[in-house]
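A.B. asks: Got run_3.cif for you, mmCIF, C-alpha atoms:
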```
data_run
#
loop_
_atom_site.label_atom_id
_atom_site.label_comp_id
_atom_site.auth_asym_id
_atom_site.auth_seq_id
_atom_site.Cartn_x
_atom_site.Cartn_y
_atom_site.Cartn_z
CA MET J 1 46.16 -40.91 114.86
CA ALA J 2 49.80 -41.82 114.28
CA GLY J 3 52.88 -39.79 115.20
CA SER J 4 53.33 -36.81 117.47
CA PRO J 5 50.38 -34.55 118.21
CA ARG J 6 50.13 -31.28 116.34
CA ILE J 7 50.68 -28.45 118.81
CA ALA J 8 49.52 -24.89 118.23
CA VAL J 9 50.56 -21.98 120.43
CA VAL J 10 47.93 -19.24 120.11
CA LEU J 11 48.60 -15.72 121.39
CA PRO J 12 45.79 -13.12 121.40
CA CYS J 13 47.39 -9.66 121.15
CA TYR J 14 46.50 -6.00 121.40
CA ASN J 15 49.26 -3.37 121.37
CA GLU J 16 52.02 -5.74 122.48
CA GLU J 17 54.88 -4.41 120.37
CA ALA J 18 57.17 -4.33 123.40
CA ALA J 19 56.54 -7.93 124.48
CA ILE J 20 55.39 -10.08 121.57
CA ALA J 21 58.85 -10.89 120.18
CA ALA J 22 60.03 -12.17 123.56
CA THR J 23 56.81 -14.16 123.98
CA VAL J 24 57.16 -15.84 120.57
CA ALA J 25 60.86 -16.57 121.20
CA ALA J 26 60.11 -18.11 124.62
CA PHE J 27 57.45 -20.46 123.26
CA ARG J 28 59.64 -21.31 120.24
CA ALA J 29 62.40 -22.36 122.62
CA ALA J 30 60.02 -24.34 124.87
CA LEU J 31 58.05 -25.99 122.03
CA PRO J 32 60.22 -26.08 118.90
CA GLU J 33 57.79 -28.46 117.18
CA ALA J 34 54.77 -26.18 117.67
CA THR J 35 53.23 -23.74 115.23
CA ILE J 36 52.91 -20.30 116.79
CA TYR J 37 49.97 -18.08 115.89
CA VAL J 38 49.58 -14.44 116.86
CA TYR J 39 46.05 -13.05 116.53
CA ASP J 40 46.14 -9.27 116.46
CA ASN J 41 43.07 -7.37 117.64
CA ASN J 42 43.34 -3.95 115.94
CA SER J 43 46.68 -2.98 117.47
CA ARG J 44 47.74 0.61 116.88
CA ASP J 45 51.43 -0.12 117.28
CA ARG J 46 53.85 -2.43 115.41
CA THR J 47 52.62 -5.69 116.98
CA ILE J 48 51.94 -7.33 113.60
CA GLU J 49 55.32 -6.44 112.10
CA VAL J 50 57.25 -7.49 115.21
CA ALA J 51 55.35 -10.79 115.50
CA ARG J 52 56.01 -11.68 111.87
CA ALA J 53 59.67 -10.80 112.23
CA ALA J 54 59.81 -13.13 115.24
CA GLY J 55 58.57 -15.99 113.06
CA ALA J 56 54.92 -16.25 114.10
CA ILE J 57 51.97 -16.76 111.77
CA VAL J 58 49.93 -13.58 112.17
CA TRP J 59 46.18 -13.33 111.62
CA THR J 60 43.81 -10.56 112.60
CA GLU J 61 40.38 -10.23 114.21
CA ALA J 62 38.49 -6.99 113.56
CA MET J 63 35.87 -7.36 116.32
CA GLN J 64 37.35 -5.78 119.44
CA GLY J 65 37.60 -7.90 122.58
CA LYS J 66 39.50 -10.97 123.72
CA GLY J 67 36.40 -13.16 123.56
CA HIS J 68 36.02 -12.40 119.84
CA VAL J 69 39.70 -13.20 119.28
CA VAL J 70 39.54 -16.55 121.10
CA ARG J 71 36.36 -17.47 119.19
CA ARG J 72 38.19 -16.83 115.92
CA ILE J 73 41.24 -18.78 117.08
CA PHE J 74 39.19 -21.82 118.05
CA ALA J 75 37.37 -21.71 114.71
CA ASP J 76 40.43 -21.23 112.48
CA VAL J 77 43.35 -23.12 114.00
CA GLU J 78 43.60 -26.87 113.43
CA ALA J 79 45.70 -28.83 115.93
CA ASP J 80 45.56 -31.67 118.45
CA ILE J 81 46.85 -29.63 121.40
CA TYR J 82 46.32 -25.89 121.89
CA VAL J 83 48.49 -23.76 124.16
CA MET J 84 46.90 -20.37 124.81
CA ALA J 85 48.72 -17.49 126.52
CA ASP J 86 48.76 -13.73 126.43
CA GLY J 87 51.32 -11.98 124.27
CA ASP J 88 52.71 -9.86 127.10
CA ALA J 89 55.61 -12.13 128.17
CA THR J 90 54.18 -12.60 131.67
CA TYR J 91 53.49 -16.35 131.49
CA ASP J 92 56.21 -18.96 131.88
CA ALA J 93 56.62 -20.58 128.45
CA SER J 94 59.01 -23.18 129.88
CA ALA J 95 56.07 -24.71 131.79
CA ALA J 96 54.22 -25.54 128.56
CA PRO J 97 55.87 -28.96 127.86
CA ALA J 98 54.98 -30.21 131.35
CA MET J 99 51.43 -28.92 131.01
CA ILE J 100 51.06 -30.68 127.65
CA ALA J 101 52.52 -33.91 129.05
CA ARG J 102 50.05 -33.82 131.93
CA LEU J 103 47.15 -33.23 129.54
CA ILE J 104 48.11 -36.21 127.38
CA ASP J 105 49.28 -38.59 130.11
CA ASN J 106 46.11 -38.10 132.15
CA ASN J 107 43.83 -37.77 129.10
CA LEU J 108 42.60 -34.35 130.23
CA ASP J 109 40.81 -31.67 128.26
CA MET J 110 42.27 -28.60 129.93
CA VAL J 111 45.25 -27.73 132.12
CA VAL J 112 45.15 -24.27 133.70
CA GLY J 113 48.34 -22.43 134.60
CA ALA J 114 47.52 -20.96 138.01
CA ARG J 115 49.59 -17.81 138.46
CA ALA J 116 52.18 -17.49 141.23
CA SER J 117 53.63 -13.99 140.92
CA GLU J 118 57.26 -13.32 141.71
CA VAL J 119 56.81 -9.58 142.28
CA ASP J 120 53.86 -7.46 143.42
CA GLU J 121 53.85 -5.53 140.14
CA ALA J 122 53.10 -8.71 138.22
CA TYR J 123 49.82 -9.47 139.96
CA ARG J 124 48.33 -6.41 141.64
CA ARG J 125 46.47 -6.72 144.94
CA GLY J 126 43.23 -5.49 143.42
CA HIS J 127 43.40 -8.15 140.73
CA ARG J 128 44.36 -10.82 143.26
CA PHE J 129 41.45 -9.90 145.54
CA GLY J 130 39.00 -9.73 142.63
CA ASN J 131 40.15 -13.10 141.34
CA ALA J 132 39.68 -14.67 144.78
CA LEU J 133 36.22 -13.11 145.15
CA LEU J 134 35.03 -14.22 141.71
CA THR J 135 36.52 -17.69 142.22
CA GLY J 136 34.62 -18.00 145.51
CA ILE J 137 31.35 -16.93 143.88
CA LEU J 138 31.86 -19.45 141.07
CA ALA J 139 32.53 -22.22 143.61
CA ARG J 140 29.34 -21.34 145.51
CA ILE J 141 27.23 -21.46 142.36
CA PHE J 142 28.74 -24.42 140.50
CA GLY J 143 30.01 -26.50 143.41
CA ARG J 144 33.63 -26.74 142.31
CA THR J 145 36.08 -24.42 140.61
CA PHE J 146 39.72 -23.59 139.90
CA ASN J 147 42.10 -21.60 142.07
CA ASP J 148 42.70 -19.12 139.25
CA ILE J 149 39.66 -18.85 136.99
CA LEU J 150 41.03 -15.73 135.27
CA SER J 151 44.34 -17.20 134.13
CA GLY J 152 45.01 -16.67 130.44
CA TYR J 153 47.54 -19.54 130.34
CA ARG J 154 45.80 -22.77 129.39
CA VAL J 155 46.41 -25.96 127.45
CA PHE J 156 43.39 -27.46 125.67
CA SER J 157 42.56 -30.68 123.89
CA ARG J 158 41.09 -30.53 120.41
CA ARG J 159 37.77 -31.88 121.65
CA PHE J 160 37.51 -29.00 124.14
CA VAL J 161 38.28 -26.34 121.53
CA LYS J 162 36.01 -27.66 118.81
CA SER J 163 33.02 -28.29 121.10
CA PHE J 164 33.05 -24.92 122.87
CA PRO J 165 30.38 -22.41 121.68
CA ILE J 166 32.02 -19.16 122.82
CA LEU J 167 29.59 -16.33 123.59
CA SER J 168 31.81 -13.87 125.47
CA ALA J 169 33.20 -10.71 123.88
CA GLY J 170 35.89 -9.52 126.30
CA PHE J 171 38.07 -10.60 129.22
CA GLU J 172 35.19 -12.62 130.69
CA ILE J 173 36.16 -15.37 128.21
CA GLU J 174 38.29 -17.13 130.87
CA THR J 175 35.25 -17.38 133.15
CA GLU J 176 33.14 -18.84 130.37
CA ILE J 177 35.88 -21.38 129.57
CA SER J 178 36.00 -22.46 133.22
CA VAL J 179 32.22 -22.82 133.49
CA HIS J 180 32.08 -24.78 130.23
CA ALA J 181 34.56 -27.31 131.63
CA LEU J 182 32.74 -27.53 134.96
CA GLU J 183 29.29 -27.93 133.43
CA LEU J 184 30.30 -30.74 131.08
CA ARG J 185 32.33 -32.34 133.91
CA MET J 186 35.43 -32.50 131.75
CA PRO J 187 38.64 -33.98 133.16
CA VAL J 188 40.79 -30.96 133.94
CA ALA J 189 43.80 -30.02 136.08
CA GLU J 190 45.55 -26.96 137.40
CA VAL J 191 49.28 -26.44 137.85
CA VAL J 192 51.10 -23.53 139.48
CA THR J 193 53.22 -21.53 137.02
CA ARG J 194 55.44 -18.49 137.41
CA TYR J 195 53.90 -15.14 136.56
CA SER J 196 56.24 -12.24 135.81
CA ALA J 197 55.88 -8.49 135.48
CA ARG J 198 55.33 -7.04 132.03
CA PRO J 199 58.44 -5.82 130.20
CA GLU J 200 59.05 -2.09 130.07
CA GLY J 201 56.82 -0.39 127.51
CA SER J 202 54.01 -2.95 127.81
CA THR J 203 50.82 -1.93 129.64
CA SER J 204 47.89 -3.96 130.92
CA LYS J 205 44.62 -3.75 128.98
CA LEU J 206 42.59 -5.05 131.94
CA SER J 207 40.46 -2.54 133.87
CA THR J 208 40.12 -3.74 137.48
CA TYR J 209 36.61 -2.39 138.04
CA ARG J 210 35.05 -2.39 134.56
CA ASP J 211 36.25 -5.85 133.57
CA GLY J 212 35.70 -7.16 137.10
CA TRP J 213 32.07 -6.02 136.88
CA ARG J 214 31.69 -7.65 133.45
CA ILE J 215 33.13 -10.91 134.75
CA LEU J 216 30.76 -10.84 137.74
CA MET J 217 27.81 -10.25 135.40
CA THR J 218 29.02 -13.13 133.23
CA ILE J 219 29.04 -15.44 136.26
CA LEU J 220 25.52 -14.37 137.23
CA ASN J 221 24.30 -14.76 133.65
CA LEU J 222 25.81 -18.24 133.42
CA PHE J 223 24.20 -18.99 136.79
CA ARG J 224 20.82 -18.03 135.29
CA ILE J 225 21.44 -20.12 132.18
CA GLU J 226 23.02 -23.21 133.72
CA ARG J 227 21.18 -23.33 137.08
CA PRO J 228 17.68 -22.02 136.28
CA VAL J 229 15.89 -23.89 139.10
CA LEU J 230 18.19 -22.42 141.74
CA PHE J 231 18.31 -18.96 140.13
CA PHE J 232 14.57 -18.51 139.68
CA GLY J 233 13.89 -20.45 142.86
CA LEU J 234 15.85 -17.87 144.85
CA ILE J 235 13.89 -15.04 143.23
CA GLY J 236 10.64 -16.88 143.96
CA ALA J 237 11.74 -17.43 147.57
CA ILE J 238 12.29 -13.67 147.97
CA PHE J 239 8.79 -12.94 146.64
CA LEU J 240 7.31 -15.60 148.89
CA GLY J 241 9.24 -14.36 151.92
CA VAL J 242 8.06 -10.77 151.45
CA GLY J 243 4.52 -12.03 150.94
CA LEU J 244 4.63 -14.05 154.16
CA ILE J 245 5.91 -11.06 156.13
CA LEU J 246 3.00 -8.97 154.85
CA LEU J 247 0.57 -11.83 155.43
CA VAL J 248 1.26 -12.29 159.15
CA PRO J 249 -0.51 -9.11 160.40
CA LEU J 250 -3.43 -9.80 158.04
CA VAL J 251 -3.89 -13.29 159.49
CA ILE J 252 -3.67 -11.96 163.05
CA THR J 253 -6.28 -9.31 162.33
CA TYR J 254 -8.56 -11.83 160.65
CA LEU J 255 -8.33 -14.26 163.57
CA GLN J 256 -9.12 -11.48 166.03
CA THR J 257 -11.92 -9.72 164.11
CA GLY J 258 -12.92 -12.01 161.27
CA LEU J 259 -12.22 -9.10 158.88
CA VAL J 260 -9.61 -8.26 156.27
CA PRO J 261 -9.50 -4.46 156.50
CA ARG J 262 -6.37 -3.95 154.35
CA LEU J 263 -7.59 -5.31 151.03
CA PRO J 264 -4.75 -3.80 148.92
CA THR J 265 -2.17 -5.60 151.09
CA ALA J 266 -4.09 -8.85 150.68
CA ILE J 267 -4.08 -8.38 146.91
CA LEU J 268 -0.33 -7.64 147.02
CA VAL J 269 0.31 -10.82 149.03
CA THR J 270 -1.69 -12.83 146.50
CA GLY J 271 0.29 -11.29 143.64
CA LEU J 272 3.61 -12.09 145.34
CA ALA J 273 2.52 -15.71 145.88
CA ILE J 274 1.60 -15.99 142.20
CA LEU J 275 4.96 -14.51 141.16
CA ALA J 276 6.76 -16.97 143.43
CA ALA J 277 4.91 -19.88 141.83
CA LEU J 278 5.65 -18.53 138.32
CA CYS J 279 9.37 -18.26 139.16
CA LEU J 280 9.43 -21.87 140.35
CA PHE J 281 7.70 -23.19 137.24
CA THR J 282 9.91 -21.01 135.00
CA GLY J 283 12.99 -22.57 136.59
CA LEU J 284 11.62 -26.09 136.17
CA ILE J 285 10.75 -25.54 132.50
CA LEU J 286 14.10 -23.93 131.71
CA ASP J 287 15.92 -26.72 133.53
CA THR J 288 14.47 -29.18 131.03
CA VAL J 289 15.74 -27.01 128.16
CA VAL J 290 19.18 -26.68 129.77
CA ARG J 291 19.47 -30.43 130.23
CA GLY J 292 18.71 -30.94 126.55
CA ARG J 293 21.31 -28.35 125.53
CA ARG J 294 23.86 -29.89 127.85
CA GLU J 295 23.28 -33.33 126.34
CA VAL J 296 23.82 -31.94 122.83
CA ARG J 297 27.04 -30.21 123.92
CA ARG J 298 28.23 -33.38 125.63
CA LEU J 299 27.59 -35.47 122.51
CA ALA J 300 29.46 -32.92 120.35
CA TYR J 301 32.34 -33.11 122.81
CA LEU J 302 32.39 -36.92 122.84
CA ALA J 303 32.37 -37.08 119.04
CA LEU J 304 36.00 -35.89 119.01
CA GLN J 305 39.09 -37.87 119.95
CA ALA J 306 40.59 -37.79 123.42
CA PRO J 307 44.05 -36.17 123.81
CA ALA J 308 45.89 -39.45 124.43
CA SER J 309 44.79 -40.78 121.02
CA ALA J 310 46.70 -37.97 119.30
CA ARG J 311 50.03 -39.73 119.87
CA ARG J 312 49.02 -43.29 119.01
#
```
Represent the structure from my file as structure tokens, please.

C.D. replies:
Amino acid sequence: MAGSPRIAVVLPCYNEEAAIAATVAAFRAALPEATIYVYDNNSRDRTIEVARAAGAIVWTEAMQGKGHVVRRIFADVEADIYVMADGDATYDASAAPAMIARLIDNNLDMVVGARASEVDEAYRRGHRFGNALLTGILARIFGRTFNDILSGYRVFSRRFVKSFPILSAGFEIETEISVHALELRMPVAEVVTRYSARPEGSTSKLSTYRDGWRILMTILNLFRIERPVLFFGLIGAIFLGVGLILLVPLVITYLQTGLVPRLPTAILVTGLAILAALCLFTGLILDTVVRGRREVRRLAYLALQAPASARR
């Protein structure tokens, strides 16, 4: 592919009238060659009008939730490099050129902007603690992770965007993106970027507890899908452990008397052992299916050009 890579800045938005103009202007100044898209998600204020006045291409997504918006963006927008950020003017647009250069120079598929807040109001303690907790859980399950899995500031290659089957509906989309990269063992990087407080009149749409719970459930669901042997093996181990605890007094009684007086307990132990075996075999069968799915996703990913080829 000859010439400079096509760069698209994509900004999911919901009620960002107070911040979207500044966000578009900041990315226009940082990436004058890029096309800037604002995807509005049923805003009830003047987000659409303000974004158009600022010079952005504005499209809409009727299904509510950031996951639906990102799915639509990845399906509609054609580019070689994608820069995704929130439309709330909190992310440092001036870091985008360096993030893009790192993606291309190192032939990466994603560069995550890890947030370093300048003021406490920018990144609340509850969000910081929740991010650290969820990041730790993800690292335990998948073996490696990012320092900021919930960052909305990311640079993607085309082959990442066009090979990613998004399933999330809401703010758990960042978690799904991270797991997708980890599972396909994509070359990725993370850079620290400034994170500022929202401008006056702009309010956060993230609910600490509701969205935190949804993100946790997303991690556990992806754990079930991507690591079925471990997931169902743990459940089977619990059944087997309970069964063994109940079995010990039965064995002692049998050795002493030659009788099994508590027949219902014996039946329960047998049932728990059967359930444990079923969980193990379920995990093994699903692991075969997951490996097949992963191979298909990997082949779809490899069918697209690497980022470095976009500037040749």

A.B. asks: Mind checking which residues fall within 6 Å of stretch 152-162 of chain J, counting all atoms listed in the file, ignoring those fewer than 6 positions away in the same chain, and posting them as a ChimeraX atom specification?

C.D. replies: /J:74,80-85,109-113,301,304,307

A.B. asks: Let me make sure I understand: among J:Val69, J:Ser163, J:Ile20, J:Ala98, which one has the smallest atom-to-atom distance to J:Leu302 if we use only C-alpha atoms?

C.D. replies: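 Looking only at the distances to J:Leu302, the closest residue turns out to be J:Ser163.
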
A.B. asks: With the file shown as input, list the residues that the PyMOL selection byres ((chain J and resi 220-228) around 10) selects, as a VMD selection string.

C.D. replies: chain J and resid 137 to 138 141 to 142 175 to 176 179 to 180 183 214 to 219 229 to 234 279 to 280 282 to 291 293 to 294

A.B. asks: Closest to J:Val191 among J:Leu275, J:Ala96, J:Ala19, J:Ala300, using all atoms listed in the file?

C.D. replies: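 Nearest to J:Val191: J:Ala96.
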
A.B. asks: List every protein, DNA or RNA residue that has an atom no more than 12 Å from (51.3, -7.1, 120.1) in the file's coordinate frame, counting all atoms listed in the file, and report them as a VMD selection string.

C.D. replies: chain J and resid 11 to 24 37 to 52 54 56 58 to 60 86 to 89 201 to 205

A.B. asks: Translate the PyMOL selection byres ((chain J and resi 188) around 9), as applied to the file shown, into an explicit residue set as a list in words.

C.D. replies: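 This file, filtered by the PyMOL selection byres ((chain J and resi 188) around 9), leaves Leu103, Asn107, Leu108, Asp109, Met110, Val111, Val112, Ala181, Leu182, Arg185, Met186, Pro187, Ala189 and Glu190 of chain J.
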
A.B. asks: Quick one: pull the distance between atom CA of J:Arg71 and atom CA of J:Val10, Å, one decimal.

C.D. replies: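 For atom CA of J:Arg71 relative to atom CA of J:Val10, the distance reads 11.7 Å.
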
A.B. asks: Would you kindly translate the PyMOL selection byres ((chain J and resi 68) around 10) into the concrete residues it picks from this file, as a CSV table (one decimal) with C-alpha atoms, keeping the file's coordinate frame?

C.D. replies:
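Contents of the output file selection13.csv:
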```csv
chain,number,residue,atom,x,y,z
J,12,PRO,CA,45.8,-13.1,121.4
J,41,ASN,CA,43.1,-7.4,117.6
J,61,GLU,CA,40.4,-10.2,114.2
J,62,ALA,CA,38.5,-7.0,113.6
J,63,MET,CA,35.9,-7.4,116.3
J,64,GLN,CA,37.4,-5.8,119.4
J,65,GLY,CA,37.6,-7.9,122.6
J,66,LYS,CA,39.5,-11.0,123.7
J,67,GLY,CA,36.4,-13.2,123.6
J,69,VAL,CA,39.7,-13.2,119.3
J,70,VAL,CA,39.5,-16.6,121.1
J,71,ARG,CA,36.4,-17.5,119.2
J,72,ARG,CA,38.2,-16.8,115.9
J,73,ILE,CA,41.2,-18.8,117.1
J,166,ILE,CA,32.0,-19.2,122.8
J,167,LEU,CA,29.6,-16.3,123.6
J,168,SER,CA,31.8,-13.9,125.5
J,169,ALA,CA,33.2,-10.7,123.9
J,170,GLY,CA,35.9,-9.5,126.3
J,171,PHE,CA,38.1,-10.6,129.2
J,173,ILE,CA,36.2,-15.4,128.2
```

A.B. asks: As a list of chain:residue names, please: the residues near J:Leu244 (cut-off 12 Å, only C-alpha atoms, same-chain neighbours under 2 positions excluded).

C.D. replies: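 Those residues are J:Ala237, J:Ile238, J:Phe239, J:Leu240, J:Gly241, J:Val242, J:Leu246, J:Leu247, J:Val248, J:Pro249, J:Leu250, J:Val251, J:Thr265, J:Ala266, J:Leu268, J:Val269, J:Thr270, J:Gly271, J:Leu272, J:Ala273, J:Ala276.
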
A.B. asks: What is the atom CA of J:Asp92 to atom CA of J:Arg194 distance in Å?

C.D. replies: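 These two atoms are separated by 5.6 Å.
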
A.B. asks: Go ahead and compute the interatomic distance for atom CA of J:Ile36 and atom CA of J:Tyr195, in Å to one decimal.

C.D. replies: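 Between atom CA of J:Ile36 and atom CA of J:Tyr195 the gap works out to 20.5 Å.
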
A.B. asks: At a cut-off of 8 Å, using all atoms listed in the file, what residues contact J:Phe27? Leave out same-chain residues fewer than 2 positions from it and give the result as JSON, numbers by chain.

C.D. replies: {"J": [9, 23, 24, 25, 29, 30, 31, 32, 36, 93, 94]}

A.B. asks: Go through J:Ser178, J:Asn131, J:Thr257, J:Ser151 one by one, measure the shortest atom-to-atom distance of each to J:Phe164 using only C-alpha atoms, and give the residue with the smallest value.

C.D. replies: J:Ser178

A.B. asks: Determine the nearest neighbour of J:Pro165 from the options J:Trp213, J:Gln305, J:Glu78, J:Val296, counting all atoms listed in the file.

C.D. replies: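 Result for the nearest residue to J:Pro165: J:Val296.
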